[in-house]
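Asks: Encoded as structure tokens, here's the structure I'll be asking about.
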Amino acid sequence: MWSHCLIVTAAILTHRVLAIVVGPVADLPIVNAVIAPDGFNRRGVLAQGTFPGPIITGNKGDTFQLNVVNELTDVTMLKSTSIHWHGLFQKGTAWADGPSFVTQCPIAPGDSFLYTFSSADQAGTFWYHSHLSTQYCDGLRGVFVIYDPNDPHKDLYDVDDVIEVDGVNHEPLLVDSIQIYAGQRYSFVVRLLSSLFPIPTTYVSIS
């Protein structure tokens with residue numbers, strides 16, 4: 001039994017709602033903030049102060065330069081950090097992969113780390129998250145989208161949106177109550193209702 005109440009929340013990340021989009025070159029400040037994704041206030045660790053974090057985008061073959069700036073100050077939570085770019089191969093740039101104590105030391109408070117890597121021939125929907133202990137369960141995660149300007153499947157969809165589904169705990173996680181989610185994104189097709197969005201009913205590809 002988990003000591004924290006768990007619910008599932010969903011966010012549709014699209015140009016139709018306010019969503020921060022950055023990349024392929026950007027500063028990514030990591031800050032503390034109080035959030036209430038399920039209606040209950042709790043302390044969080046967030047990229048650019050939002051939950052989920054900003055959508056990072058670029059094109060196939062781009063070089064990403066993401067400067068992660070540690071501005072964490074809450075002494076009741078982990079204050080060091082690192083970011084893992086989940087699903088990216090990092091060929092020749094293993095030092096930029098992000099796992100703390102594996103490929104890098106954690107980023108200390110008041111310091112920064114410039115992650116520089118190429119998307120090479122990869123394209124699709126990925127995600128990024130903290131790779132220090134349970135920190136990503138406290139909100140430090142977001143979507144990473146790499147577009148293919150020559151997408152061979154672009155005639156199969158009209159709109160390219162992202163739905164993020166997360167489990168949310170009311171309180172920050174402790175090491176003795178670790179809860180890790182698979183967090184993988186699966187491609188599927190849904191039918192948007194015209195009553196939900198001001199566009200004609202259509203099929204859309206969502207990752």
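Ligands are numbered from 1 in the order shown, chains are lettered A, B, ... in the order of the structure tokens, and residues start at 1 in each chain.
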I'd like the neighbourhood of stretch 63-70 of chain A as an mmCIF file with N, CA, C and O atoms, in the first residue's frame, where a residue qualifies if any of its atoms comes within 7 Å (using only C-alpha atoms), though same-chain residues fewer than 5 positions away should be ignored.
Replies:
```cif
data_model
loop_
_atom_site.group_PDB
_atom_site.id
_atom_site.type_symbol
_atom_site.label_atom_id
_atom_site.label_comp_id
_atom_site.auth_asym_id
_atom_site.auth_seq_id
_atom_site.Cartn_x
_atom_site.Cartn_y
_atom_site.Cartn_z
ATOM 1 N N PRO A 24 15.581 24.150 -30.535
ATOM 2 C CA PRO A 24 16.544 23.170 -29.983
ATOM 3 C C PRO A 24 17.636 23.785 -29.101
ATOM 4 O O PRO A 24 18.415 23.061 -28.504
ATOM 5 N N VAL A 25 17.678 25.132 -29.028
ATOM 6 C CA VAL A 25 18.632 25.811 -28.151
ATOM 7 C C VAL A 25 17.830 26.573 -27.104
ATOM 8 O O VAL A 25 16.958 27.378 -27.457
ATOM 9 N N ALA A 26 18.089 26.299 -25.833
ATOM 10 C CA ALA A 26 17.284 26.942 -24.789
ATOM 11 C C ALA A 26 17.946 26.814 -23.428
ATOM 12 O O ALA A 26 18.733 25.892 -23.188
ATOM 13 N N ASP A 27 17.613 27.761 -22.540
ATOM 14 C CA ASP A 27 17.914 27.625 -21.123
ATOM 15 C C ASP A 27 16.737 26.916 -20.479
ATOM 16 O O ASP A 27 15.574 27.177 -20.814
ATOM 17 N N LEU A 28 17.022 26.035 -19.541
ATOM 18 C CA LEU A 28 15.976 25.278 -18.860
ATOM 19 C C LEU A 28 16.184 25.417 -17.349
ATOM 20 O O LEU A 28 16.814 24.567 -16.717
ATOM 21 N N PRO A 29 15.661 26.489 -16.750
ATOM 22 C CA PRO A 29 15.816 26.651 -15.298
ATOM 23 C C PRO A 29 14.970 25.634 -14.540
ATOM 24 O O PRO A 29 13.813 25.383 -14.885
ATOM 25 N N ILE A 30 15.550 25.036 -13.520
ATOM 26 C CA ILE A 30 14.859 24.065 -12.675
ATOM 27 C C ILE A 30 14.558 24.759 -11.347
ATOM 28 O O ILE A 30 15.470 25.210 -10.657
ATOM 29 N N ILE A 107 23.949 18.230 -10.943
ATOM 30 C CA ILE A 107 24.150 19.682 -11.053
ATOM 31 C C ILE A 107 23.835 20.301 -9.696
ATOM 32 O O ILE A 107 22.712 20.163 -9.190
ATOM 33 N N ALA A 108 24.795 20.979 -9.101
ATOM 34 C CA ALA A 108 24.616 21.557 -7.773
ATOM 35 C C ALA A 108 23.747 22.812 -7.842
ATOM 36 O O ALA A 108 23.675 23.480 -8.881
ATOM 37 N N PRO A 109 23.081 23.157 -6.741
ATOM 38 C CA PRO A 109 22.279 24.382 -6.716
ATOM 39 C C PRO A 109 23.131 25.601 -7.064
ATOM 40 O O PRO A 109 24.272 25.727 -6.609
ATOM 41 N N GLY A 110 22.606 26.478 -7.895
ATOM 42 C CA GLY A 110 23.336 27.664 -8.316
ATOM 43 C C GLY A 110 24.276 27.416 -9.475
ATOM 44 O O GLY A 110 24.939 28.337 -9.955
ATOM 45 N N ASP A 111 24.349 26.177 -9.953
ATOM 46 C CA ASP A 111 25.236 25.836 -11.069
ATOM 47 C C ASP A 111 24.393 25.461 -12.288
ATOM 48 O O ASP A 111 23.167 25.381 -12.226
ATOM 49 N N SER A 112 25.056 25.220 -13.408
ATOM 50 C CA SER A 112 24.347 24.845 -14.634
ATOM 51 C C SER A 112 25.162 23.819 -15.403
ATOM 52 O O SER A 112 26.346 23.624 -15.135
ATOM 53 N N PHE A 113 24.503 23.170 -16.353
ATOM 54 C CA PHE A 113 25.167 22.166 -17.187
ATOM 55 C C PHE A 113 24.578 22.250 -18.585
ATOM 56 O O PHE A 113 23.355 22.210 -18.754
ATOM 57 N N LEU A 114 25.456 22.407 -19.583
ATOM 58 C CA LEU A 114 25.010 22.529 -20.965
ATOM 59 C C LEU A 114 25.040 21.158 -21.639
ATOM 60 O O LEU A 114 26.102 20.596 -21.886
ATOM 61 N N TYR A 115 23.866 20.618 -21.904
ATOM 62 C CA TYR A 115 23.746 19.351 -22.620
ATOM 63 C C TYR A 115 23.746 19.650 -24.118
ATOM 64 O O TYR A 115 22.883 20.385 -24.609
ATOM 65 N N THR A 116 24.713 19.085 -24.829
ATOM 66 C CA THR A 116 24.811 19.300 -26.268
ATOM 67 C C THR A 116 24.847 17.942 -26.963
ATOM 68 O O THR A 116 25.722 17.122 -26.694
ATOM 69 N N PHE A 117 23.878 17.706 -27.828
ATOM 70 C CA PHE A 117 23.807 16.416 -28.524
ATOM 71 C C PHE A 117 23.005 16.576 -29.800
ATOM 72 O O PHE A 117 22.239 17.532 -29.965
ATOM 73 N N SER A 118 23.180 15.636 -30.706
ATOM 74 C CA SER A 118 22.465 15.658 -31.982
ATOM 75 C C SER A 118 21.329 14.645 -31.972
ATOM 76 O O SER A 118 21.458 13.564 -31.402
ATOM 77 N N SER A 119 20.229 15.014 -32.623
ATOM 78 C CA SER A 119 19.139 14.052 -32.790
ATOM 79 C C SER A 119 19.452 13.055 -33.893
ATOM 80 O O SER A 119 18.747 12.051 -34.057
#
```
Asks: Counting only C-alpha atoms, which residue out of A:Leu140, A:Ala120, A:Ile146, A:Val159 sits closest to A:Leu46?
Replies: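 Of all the options, A:Leu140 lies closest to A:Leu46.
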Asks: Using only C-alpha atoms, can you tell me which of A:Asn41, A:His131, A:Phe51, A:Asp121 comes closest to A:Glu164?
Replies: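 For A:Glu164, the nearest of the given residues is A:Phe51.
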Asks: Measuring atom to atom with only C-alpha atoms, identify which of A:Phe89, A:Phe40, A:Trp127, A:Trp95 is nearest to A:Val162.
Replies: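 Under the stated criterion, the closest residue is A:Trp127.
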Asks: For each of A:Thr134, A:Thr93, A:Asn32, A:Ser80, take the minimum atom-to-atom distance to A:Ala47, counting only C-alpha atoms, then give the residue where this is smallest.
Replies: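 Nearest candidate to A:Ala47 out of A:Thr134, A:Thr93, A:Asn32, A:Ser80: A:Asn32.
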Asks: Which polymer residues have any atom within 8 Å of an atom of A:Trp85, counting only C-alpha atoms, with same-chain residues fewer than 5 positions away left out, as a PDB file with N, CA, C and O atoms, in the first residue's frame?
Replies:
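Written file, out.pdb:
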```pdb
ATOM      1  N   ASP A  97      24.000  12.196 -21.509  1.00  0.00           N
ATOM      2  CA  ASP A  97      22.831  11.340 -21.344  1.00  0.00           C
ATOM      3  C   ASP A  97      22.062  11.631 -20.063  1.00  0.00           C
ATOM      4  O   ASP A  97      20.865  11.391 -19.995  1.00  0.00           O
ATOM      5  N   GLY A  98      22.740  12.086 -19.015  1.00  0.00           N
ATOM      6  CA  GLY A  98      22.044  12.602 -17.845  1.00  0.00           C
ATOM      7  C   GLY A  98      21.973  11.799 -16.567  1.00  0.00           C
ATOM      8  O   GLY A  98      21.689  12.378 -15.516  1.00  0.00           O
ATOM      9  N   PHE A 126       9.418  11.737 -27.691  1.00  0.00           N
ATOM     10  CA  PHE A 126      10.221  11.198 -26.593  1.00  0.00           C
ATOM     11  C   PHE A 126       9.822  11.946 -25.323  1.00  0.00           C
ATOM     12  O   PHE A 126       8.830  12.673 -25.306  1.00  0.00           O
ATOM     13  N   TRP A 127      10.591  11.787 -24.264  1.00  0.00           N
ATOM     14  CA  TRP A 127      10.359  12.599 -23.073  1.00  0.00           C
ATOM     15  C   TRP A 127      11.654  12.804 -22.336  1.00  0.00           C
ATOM     16  O   TRP A 127      12.656  12.120 -22.578  1.00  0.00           O
ATOM     17  N   TYR A 128      11.667  13.791 -21.474  1.00  0.00           N
ATOM     18  CA  TYR A 128      12.847  14.060 -20.643  1.00  0.00           C
ATOM     19  C   TYR A 128      12.396  14.073 -19.186  1.00  0.00           C
ATOM     20  O   TYR A 128      11.232  14.345 -18.872  1.00  0.00           O
ATOM     21  N   HIS A 129      13.337  13.748 -18.299  1.00  0.00           N
ATOM     22  CA  HIS A 129      12.988  13.697 -16.883  1.00  0.00           C
ATOM     23  C   HIS A 129      14.234  13.766 -16.030  1.00  0.00           C
ATOM     24  O   HIS A 129      15.348  13.476 -16.492  1.00  0.00           O
ATOM     25  N   PHE A 144       9.412  15.665 -25.352  1.00  0.00           N
ATOM     26  CA  PHE A 144      10.505  16.004 -26.266  1.00  0.00           C
ATOM     27  C   PHE A 144      10.096  15.497 -27.644  1.00  0.00           C
ATOM     28  O   PHE A 144       9.969  14.301 -27.850  1.00  0.00           O
TER      29      PHE A 144
END
```
